[in-house]
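What follows is the content of run_0.txt, which has compact mmCIF, C-alpha atoms:
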# COMPACT_ATOMS: atom_id res chain seq x y z
CA MET X 1 -13.32 -58.32 42.55
CA PRO X 2 -15.40 -61.14 43.96
CA LEU X 3 -15.83 -64.30 41.89
CA PHE X 4 -13.89 -62.87 38.99
CA ALA X 5 -12.32 -66.13 37.80
CA SER X 6 -15.58 -68.01 38.11
CA LEU X 7 -17.62 -65.43 36.25
CA TYR X 8 -15.03 -65.04 33.54
CA ASN X 9 -14.69 -68.78 33.04
CA TYR X 10 -18.45 -69.19 32.95
CA ALA X 11 -18.76 -66.32 30.48
CA ARG X 12 -16.27 -68.00 28.19
CA TRP X 13 -18.28 -71.19 28.21
CA LEU X 14 -21.45 -69.30 27.46
CA THR X 15 -20.07 -67.19 24.65
CA GLY X 16 -17.48 -69.63 23.39
CA GLU X 17 -14.93 -66.92 22.92
CA THR X 18 -12.66 -64.60 24.82
CA HIS X 19 -13.51 -61.16 23.59
CA GLU X 20 -17.19 -61.37 24.24
CA ALA X 21 -16.65 -63.02 27.61
CA GLU X 22 -14.57 -60.03 28.68
CA ASP X 23 -17.30 -57.59 27.72
CA LEU X 24 -19.87 -59.76 29.40
CA VAL X 25 -18.04 -59.88 32.74
CA GLN X 26 -17.38 -56.17 32.58
CA GLU X 27 -21.02 -55.39 31.97
CA THR X 28 -22.03 -57.79 34.71
CA TYR X 29 -19.92 -55.99 37.30
CA LEU X 30 -21.29 -52.63 36.25
CA LYS X 31 -24.84 -53.86 36.42
CA ALA X 32 -24.19 -55.49 39.76
CA LEU X 33 -22.79 -52.26 41.18
CA ARG X 34 -25.62 -50.21 39.79
CA GLY X 35 -28.21 -52.67 40.96
CA PHE X 36 -26.70 -53.50 44.31
CA ALA X 37 -29.75 -52.03 46.00
CA SER X 38 -31.85 -54.77 44.44
CA PHE X 39 -29.73 -57.43 46.09
CA ARG X 40 -31.69 -58.64 49.06
CA GLU X 41 -29.67 -59.21 52.19
CA GLY X 42 -29.61 -62.84 53.19
CA THR X 43 -30.08 -64.16 49.68
CA ASN X 44 -27.30 -65.85 47.78
CA PHE X 45 -24.84 -63.34 46.36
CA ARG X 46 -23.19 -65.83 44.02
CA ALA X 47 -26.52 -66.91 42.52
CA TRP X 48 -27.48 -63.24 42.19
CA ILE X 49 -24.40 -62.16 40.28
CA PHE X 50 -24.46 -65.25 38.06
CA ARG X 51 -28.06 -64.41 37.25
CA ILE X 52 -27.02 -60.92 36.20
CA LEU X 53 -24.30 -62.36 33.99
CA ARG X 54 -26.69 -64.81 32.41
CA ASN X 55 -29.44 -62.26 31.79
CA THR X 56 -26.86 -59.95 30.25
CA PHE X 57 -25.68 -62.78 28.04
CA LEU X 58 -29.21 -63.70 26.96
CA THR X 59 -29.83 -60.20 25.66
CA SER X 60 -26.50 -60.07 23.80
CA ARG X 61 -26.23 -60.93 20.13
CA THR X 62 -24.68 -64.34 20.77
CA GLY X 63 -27.19 -65.06 23.51
CA LEU X 64 -30.15 -64.20 21.33
CA ARG X 65 -28.77 -66.39 18.58
CA ALA X 66 -28.20 -69.24 21.04
CA THR X 67 -31.76 -69.11 22.33
CA ALA X 68 -33.30 -68.52 18.91
CA MET X 69 -31.63 -71.61 17.50
CA GLN X 70 -32.98 -73.93 20.17
CA PRO X 71 -36.45 -74.81 21.24
CA ILE X 72 -36.71 -74.08 24.96
CA GLU X 73 -37.66 -77.67 25.72
CA ASP X 74 -35.30 -80.06 24.11
CA ASP X 75 -37.15 -82.31 21.70
CA ASP X 76 -34.63 -85.02 21.08
CA GLN X 77 -35.05 -88.31 22.81
CA PHE X 78 -33.85 -88.46 26.33
CA VAL X 79 -31.96 -91.65 26.99
CA ALA X 80 -32.73 -92.41 30.60
CA ASP X 81 -29.80 -94.65 31.21
CA GLY X 82 -26.66 -93.78 29.34
CA ASP X 83 -25.02 -96.95 30.62
CA PRO X 84 -22.58 -94.93 32.71
CA GLU X 85 -20.59 -97.90 33.91
CA THR X 86 -19.31 -98.50 30.40
CA ILE X 87 -17.77 -95.07 30.27
CA PHE X 88 -14.41 -94.44 31.77
CA LEU X 89 -14.15 -90.77 31.35
CA HIS X 90 -10.73 -90.39 32.84
CA HIS X 91 -9.57 -92.15 29.70
CA ALA X 92 -11.64 -89.88 27.56
CA ASN X 93 -9.87 -87.26 25.65
CA ALA X 94 -10.24 -83.96 27.49
CA GLU X 95 -10.61 -82.22 24.17
CA GLU X 96 -13.55 -84.46 23.27
CA LEU X 97 -15.22 -83.70 26.56
CA ARG X 98 -14.62 -79.99 26.14
CA ARG X 99 -16.20 -80.12 22.71
CA ALA X 100 -19.13 -82.11 24.04
CA ILE X 101 -19.82 -79.43 26.66
CA LEU X 102 -19.49 -76.60 24.15
CA GLU X 103 -21.91 -78.30 21.80
CA LEU X 104 -24.58 -78.66 24.46
CA PRO X 105 -27.56 -76.39 23.91
CA LEU X 106 -27.28 -73.39 26.18
CA GLU X 107 -29.94 -74.47 28.68
CA PHE X 108 -28.06 -77.71 29.33
CA ARG X 109 -24.58 -76.22 29.22
CA GLU X 110 -25.39 -73.69 31.92
CA VAL X 111 -26.81 -76.13 34.47
CA LEU X 112 -23.94 -78.52 33.91
CA LEU X 113 -21.30 -75.84 34.39
CA LEU X 114 -22.92 -74.33 37.44
CA ALA X 115 -23.25 -77.76 39.03
CA ASP X 116 -19.91 -79.29 38.17
CA MET X 117 -17.62 -76.34 37.54
CA GLU X 118 -19.01 -74.03 40.20
CA ASN X 119 -20.20 -76.75 42.57
CA MET X 120 -23.45 -74.89 43.10
CA SER X 121 -26.32 -76.60 44.87
CA TYR X 122 -29.53 -77.25 42.94
CA ARG X 123 -31.12 -74.47 44.97
CA GLU X 124 -28.40 -71.99 44.01
CA ILE X 125 -28.64 -72.97 40.35
CA SER X 126 -32.39 -72.50 40.47
CA GLU X 127 -31.84 -68.98 41.83
CA ALA X 128 -29.13 -68.17 39.30
CA LEU X 129 -31.20 -69.33 36.34
CA SER X 130 -34.63 -68.37 37.69
CA ILE X 131 -35.99 -71.86 37.08
CA PRO X 132 -37.59 -74.36 39.49
CA VAL X 133 -35.37 -76.88 41.28
CA GLY X 134 -37.15 -79.73 39.49
CA THR X 135 -36.14 -78.26 36.15
CA VAL X 136 -32.55 -77.97 37.36
CA THR X 137 -32.55 -81.68 38.22
CA SER X 138 -34.04 -82.83 34.94
CA ARG X 139 -31.87 -80.59 32.80
CA LEU X 140 -28.79 -81.71 34.66
CA THR X 141 -29.62 -85.36 34.09
CA ARG X 142 -30.21 -84.74 30.43
CA ALA X 143 -27.08 -82.64 30.06
CA ARG X 144 -24.94 -85.42 31.48
CA ALA X 145 -26.67 -88.02 29.33
CA LYS X 146 -25.95 -85.92 26.25
CA VAL X 147 -22.30 -85.58 27.17
CA ARG X 148 -21.96 -89.30 27.73
CA ARG X 149 -23.67 -90.12 24.46
CA ARG X 150 -21.52 -87.69 22.60
CA ILE X 151 -18.36 -89.27 23.96
CA GLN X 152 -19.60 -92.76 23.27
CA GLU X 153 -20.32 -91.81 19.67
CA LYS X 154 -16.70 -90.84 19.31
CA ARG X 155 -15.51 -94.26 20.35
CA MET M 1 -31.14 -107.06 48.32
CA ASN M 2 -33.37 -104.07 47.76
CA GLU M 3 -34.31 -102.83 44.34
CA HIS M 4 -31.53 -101.08 42.44
CA LEU M 5 -31.13 -97.37 42.93
CA SER M 6 -32.63 -95.20 40.25
CA ALA M 7 -30.34 -93.20 38.00
CA GLN M 8 -31.85 -90.09 39.55
CA THR M 9 -31.01 -91.22 43.07
CA ILE M 10 -27.43 -91.98 42.12
CA GLU M 11 -27.08 -88.63 40.43
CA SER M 12 -28.56 -86.71 43.38
CA TYR M 13 -26.33 -88.62 45.76
CA ALA M 14 -23.24 -87.81 43.66
CA ASP M 15 -24.27 -84.15 43.67
CA GLY M 16 -24.70 -84.21 47.44
CA GLU M 17 -28.36 -83.34 46.94
CA LEU M 18 -30.10 -86.48 48.08
CA ALA M 19 -32.64 -85.82 50.84
CA ALA M 20 -30.95 -86.48 54.17
CA GLU M 21 -33.48 -89.10 55.24
CA ARG M 22 -32.70 -91.16 52.13
CA VAL M 23 -28.93 -91.14 52.56
CA PRO M 24 -28.60 -94.05 55.06
CA GLU M 25 -30.61 -96.55 52.97
CA THR M 26 -28.83 -95.42 49.80
CA GLU M 27 -25.40 -95.88 51.34
CA GLU M 28 -26.40 -99.25 52.68
CA HIS M 29 -27.46 -100.33 49.22
CA LEU M 30 -24.26 -99.00 47.68
CA ARG M 31 -22.16 -101.04 50.09
CA GLU M 32 -23.82 -104.23 48.91
CA CYS M 33 -24.60 -103.62 45.26
CA VAL M 34 -21.65 -103.58 42.88
CA ALA M 35 -23.78 -102.52 39.91
CA CYS M 36 -25.09 -99.39 41.66
CA ALA M 37 -21.70 -98.60 43.16
CA GLY M 38 -20.24 -98.82 39.66
CA LYS M 39 -22.81 -96.37 38.38
CA LEU M 40 -22.00 -94.02 41.21
CA VAL M 41 -18.28 -94.19 40.43
CA ALA M 42 -18.99 -93.43 36.78
CA GLN M 43 -21.16 -90.52 37.83
CA LEU M 44 -18.46 -89.13 40.09
CA GLN M 45 -15.86 -89.59 37.37
CA LEU M 46 -18.02 -87.67 34.95
CA LYS M 47 -18.47 -84.86 37.44
CA ARG M 48 -14.78 -84.68 38.14
CA SER M 49 -13.82 -84.76 34.47
CA ILE M 50 -16.30 -82.02 33.64
CA ARG M 51 -14.96 -79.95 36.48
CA GLU M 52 -11.36 -80.41 35.35
CA VAL M 53 -12.15 -79.67 31.74
CA ALA M 54 -14.36 -76.71 32.61
CA TRP M 55 -11.51 -75.07 34.44
CA THR M 56 -8.91 -75.76 31.77
CA MET M 57 -10.35 -73.18 29.46
CA PRO M 58 -7.53 -70.71 29.90
CA VAL M 59 -8.61 -68.04 32.35
CA ARG M 60 -5.85 -65.65 31.37
CA PRO M 61 -7.53 -62.64 29.87
CA ARG M 62 -5.99 -60.86 26.95
CA ARG M 63 -3.89 -57.88 27.81
CA ARG M 64 -6.36 -55.34 26.55
CA PHE M 65 -8.79 -56.61 29.12
CA TRP M 66 -7.15 -54.95 32.06
CA PRO M 67 -7.55 -51.37 30.90
CA ALA M 68 -11.18 -52.26 30.32
CA VAL M 69 -11.51 -53.58 33.84
CA ALA M 70 -9.81 -50.48 35.15
CA THR M 71 -12.29 -48.37 33.22
CA ALA M 72 -15.14 -50.38 34.64
CA ALA M 73 -13.76 -50.00 38.14
CA ALA M 74 -13.30 -46.27 37.63
CA ALA M 75 -16.85 -46.00 36.33
CA ALA M 76 -18.07 -47.93 39.33
CA LEU M 77 -16.19 -45.61 41.62
CA LEU M 78 -17.76 -42.67 39.85
CA VAL M 79 -21.18 -44.20 40.42
CA ILE M 80 -20.37 -44.58 44.08
CA VAL M 81 -19.02 -41.05 44.38
CA LEU M 82 -21.86 -39.46 42.45
CA VAL M 83 -24.82 -41.51 43.50
CA LEU M 84 -24.24 -42.81 46.97
CA PRO M 85 -23.27 -39.81 49.10
CA ARG M 86 -24.68 -37.33 46.59
CA ARG M 87 -22.08 -34.79 47.46
CA GLY M 88 -22.38 -31.50 45.77
CA THR M 89 -22.10 -27.85 46.59
CA GLU M 90 -25.80 -27.48 47.36
CA LEU M 91 -25.40 -26.99 51.09
CA ALA M 92 -22.60 -24.47 50.67
CA ASP M 93 -24.79 -22.59 48.18
CA LEU M 94 -27.72 -22.67 50.59
CA HIS M 95 -25.50 -21.46 53.42
CA THR M 96 -24.42 -18.48 51.32
CA THR M 97 -27.94 -17.74 50.11
CA ILE M 98 -29.48 -17.90 53.55
CA LEU M 99 -26.85 -15.73 55.18
CA ALA M 100 -27.25 -13.14 52.40
CA SER M 101 -31.02 -13.08 52.83
CA ALA M 102 -32.85 -10.30 54.62
CA ASN M 103 -34.94 -12.96 56.37
CA PRO M 104 -32.55 -15.86 56.85
CA VAL M 105 -34.75 -17.81 59.25
CA ASP M 106 -38.50 -18.29 59.62
CA VAL M 107 -38.51 -18.87 63.35
CA ILE M 108 -36.35 -16.36 65.17
CA SER M 109 -35.51 -17.49 68.64
CA THR M 110 -32.59 -18.32 70.85
CA ASP M 111 -34.83 -20.68 72.78
CA ARG M 112 -34.72 -24.30 71.72
CA HIS M 113 -38.15 -24.78 73.29
CA THR M 114 -39.50 -22.37 70.70
CA VAL M 115 -37.52 -23.60 67.71
CA LYS M 116 -38.04 -27.33 68.12
CA PRO M 117 -41.88 -27.22 68.24
CA TRP M 118 -41.85 -24.93 65.21
CA PHE M 119 -40.50 -27.80 63.09
CA GLU M 120 -43.31 -30.11 64.10
CA GLY M 121 -45.50 -31.03 61.13
CA LYS M 122 -43.04 -29.46 58.73
CA LEU M 123 -40.59 -32.35 58.60
CA PRO M 124 -41.03 -36.12 58.19
CA PHE M 125 -38.63 -36.66 61.10
CA SER M 126 -37.77 -35.04 64.41
CA PHE M 127 -34.46 -34.36 66.04
CA PRO M 128 -33.35 -33.04 69.41
CA ILE M 129 -31.96 -29.55 69.87
CA PRO M 130 -29.62 -29.53 72.86
CA GLU M 131 -29.25 -26.76 75.42
CA LEU M 132 -26.37 -24.67 74.10
CA GLY M 133 -26.09 -22.55 77.26
CA PRO M 134 -22.80 -23.97 78.49
CA THR M 135 -21.21 -23.79 75.03
CA PRO M 136 -19.92 -20.75 73.11
CA PHE M 137 -22.74 -21.29 70.60
CA ARG M 138 -26.14 -19.63 70.54
CA LEU M 139 -29.22 -20.65 68.62
CA ALA M 140 -30.48 -17.92 66.28
CA GLY M 141 -33.43 -19.63 64.61
CA GLY M 142 -34.47 -22.09 61.98
CA ARG M 143 -36.33 -22.84 58.79
CA VAL M 144 -37.06 -25.66 56.38
CA VAL M 145 -35.05 -25.92 53.18
CA TYR M 146 -35.20 -28.45 50.35
CA VAL M 147 -32.21 -30.49 49.23
CA HIS M 148 -32.61 -33.12 46.48
CA GLU M 149 -36.36 -32.57 46.77
CA GLN M 150 -36.30 -33.61 50.41
CA PRO M 151 -37.19 -31.39 53.36
CA VAL M 152 -34.20 -30.59 55.53
CA ALA M 153 -34.12 -28.73 58.83
CA TYR M 154 -31.95 -25.65 58.89
CA LEU M 155 -30.67 -24.22 62.15
CA MET M 156 -28.71 -21.05 62.41
CA VAL M 157 -26.19 -21.10 65.21
CA THR M 158 -23.90 -18.22 66.12
CA LYS M 159 -20.53 -18.11 67.72
CA GLY M 160 -19.77 -14.51 68.50
CA ALA M 161 -20.24 -12.66 65.22
CA HIS M 162 -19.92 -15.83 63.14
CA LYS M 163 -22.95 -17.54 61.73
CA ILE M 164 -22.96 -21.29 61.31
CA SER M 165 -25.50 -23.24 59.25
CA LEU M 166 -26.56 -26.60 60.57
CA PHE M 167 -28.50 -28.83 58.19
CA VAL M 168 -30.33 -31.89 59.53
CA GLY M 169 -31.87 -34.38 57.14
CA ARG M 170 -32.01 -37.92 55.89
CA ASP M 171 -29.73 -37.43 52.92
CA VAL M 172 -27.41 -34.49 53.31
CA ALA M 173 -23.67 -34.64 52.83
CA ALA M 174 -20.79 -32.27 53.49
CA PRO M 175 -20.32 -30.00 50.48
CA ARG M 176 -17.27 -30.21 48.31
CA THR M 177 -16.01 -26.72 48.71
CA ASP M 178 -12.95 -24.91 49.90
CA ALA M 179 -14.91 -21.76 50.63
CA PHE M 180 -16.15 -22.85 54.04
CA GLU M 181 -15.30 -25.25 56.79
CA SER M 182 -17.75 -28.10 57.15
CA VAL M 183 -18.28 -31.08 59.40
CA ALA M 184 -20.77 -33.88 58.80
CA TRP M 185 -21.97 -36.59 61.13
CA SER M 186 -24.75 -39.09 61.64
CA LYS M 187 -26.91 -39.44 64.69
CA GLY M 188 -30.25 -41.08 65.35
CA GLY M 189 -30.57 -42.13 61.73
CA LEU M 190 -30.16 -38.55 60.50
CA ARG M 191 -27.31 -36.73 58.84
CA TYR M 192 -26.01 -33.46 60.27
CA VAL M 193 -23.88 -31.05 58.29
CA ALA M 194 -22.43 -27.90 59.86
CA ILE M 195 -21.01 -25.23 57.59
CA GLY M 196 -19.44 -21.90 58.46
CA ASP M 197 -16.50 -19.60 58.18
CA VAL M 198 -15.21 -20.61 61.58
CA ALA M 199 -12.33 -22.83 62.56
CA HIS M 200 -12.74 -26.54 61.96
CA ALA M 201 -12.34 -27.10 65.69
CA ASP M 202 -15.37 -24.88 66.35
CA LEU M 203 -17.52 -27.06 64.11
CA GLU M 204 -16.21 -30.12 65.89
CA ALA M 205 -17.21 -28.47 69.19
CA LEU M 206 -20.69 -27.83 67.79
CA ARG M 207 -20.89 -31.45 66.74
CA ALA M 208 -19.98 -32.47 70.28
CA ALA M 209 -22.77 -30.24 71.62
CA PHE M 210 -25.28 -32.05 69.41

Exercise: express the given structure as structure tokens:
Amino acid sequence: MPLFASLYNYARWLTGETHEAEDLVQETYLKALRGFASFREGTNFRAWIFRILRNTFLTSRTGLRATAMQPIEDDDQFVADGDPETIFLHHANAEELRRAILELPLEFREVLLLADMENMSYREISEALSIPVGTVTSRLTRARAKVRRRIQEKR
Amino acid sequence: MNEHLSAQTIESYADGELAAERVPETEEHLRECVACAGKLVAQLQLKRSIREVAWTMPVRPRRRFWPAVATAAAAALLVIVLVLPRRGTELADLHTTILASANPVDVISTDRHTVKPWFEGKLPFSFPIPELGPTPFRLAGGRVVYVHEQPVAYLMVTKGAHKISLFVGRDVAAPRTDAFESVAWSKGGLRYVAIGDVAHADLEALRAAF
């Protein structure tokens, strides 16, 4: 099955647990097969199937809870410069980093994972999440700033 | 020295997303400016660490997952089998019904120049009827039938005393039946299905004639 490991890993980061991630990937494949006709030739297959997974997640119980708990636009202060040179993340505890990612609000977690875990381009991410490229860029910046801050707090 | 690079520029550059025309000046600046180069390194480290951590969430699914995947795959296969070719027994049923009818065809003619024009205006497509003279087959006539709510051309072809049904349409598939022989093929964007109680080789010969 194409992209199985990627989708499953992504699903685990979205749901935060194994059982639901399994159901999510399963449902995604079924929807993808059923809706294959809606896939337009020449568009990005990876972005398409990630979009299905995400939309499926958003309508699930956990997804609804995740979106209900957060305002769509993050209201906390965005620190423009997180002083990255002071952070040496390879010394950072992997567990701390993992926790920092998991604690990110969904809208930031997803861009960060698609960019850094999946190595998707901004354009692909914008297709997968159905948001403009500009929003991808700003969310990504803020997501990374949040992760940095979180790790710095732990120091 | 130029102005320092913005955080956004460094981030885009690290992501490989900086506009191509801005790459040379950015790289030139990075070669000379330790502060910006340091920020870039930190950015790349963050990316790499996130990537490593993101993939260390164990990807091994629990054992009960695999039966579920198998079920999903089986369901998908079922979808493909049921929906895509839409195979059923419809054509075999039509074949039986038509042959049992007192008026099996609406245009009765052995002449393809009579049968082909008869279909004009009755079907949303057209198809050639070859000269069967040199073959053991003879045209007996034709009519329009409906399969899955779509008009389909029906030709009756004989071989000796045997009657063969030939269906021509956009979405017809060989029936799942053991009662008759059938052969299906595609040509000119249309699907052809021949059904009859003749040898399989005869249907293949008919296919070759078309």

So which residues touch Asn103 (chain M) within 12 Å, counting only C-alpha atoms, skipping near sequence neighbours fewer than 4 positions away, as a ChimeraX atom specification? /M:97-99,107-108,140-143,156

Counting all atoms listed in the file, which of X:Ala5, X:Leu30, X:Leu104, X:Leu58 gets nearest to Arg149 (chain X)?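 Smallest separation from Arg149 (chain X) among the options: X:Leu104.
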
Per residue of chain M within 6 Å of chain X, record the nearest atom pair and its distance in Å to one decimal, counting all atoms listed in the file, with rows in chain order and ascending residue number, as CSV.
residue,atom,partner,partner_atom,distance
M:Gly38,CA,X:Glu85,CA,5.8
M:Lys39,CA,X:Glu85,CA,5.2
M:Ala42,CA,X:Glu85,CA,5.5
M:Lys47,CA,X:Asp116,CA,5.8
M:Arg51,CA,X:Met117,CA,4.6
M:Ala54,CA,X:Met117,CA,5.9

What gap, in Å, lies between CA of Gly35 (chain X) and CA of Ser186 (chain M)?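 Here the two named atoms are 25.0 Å from each other.
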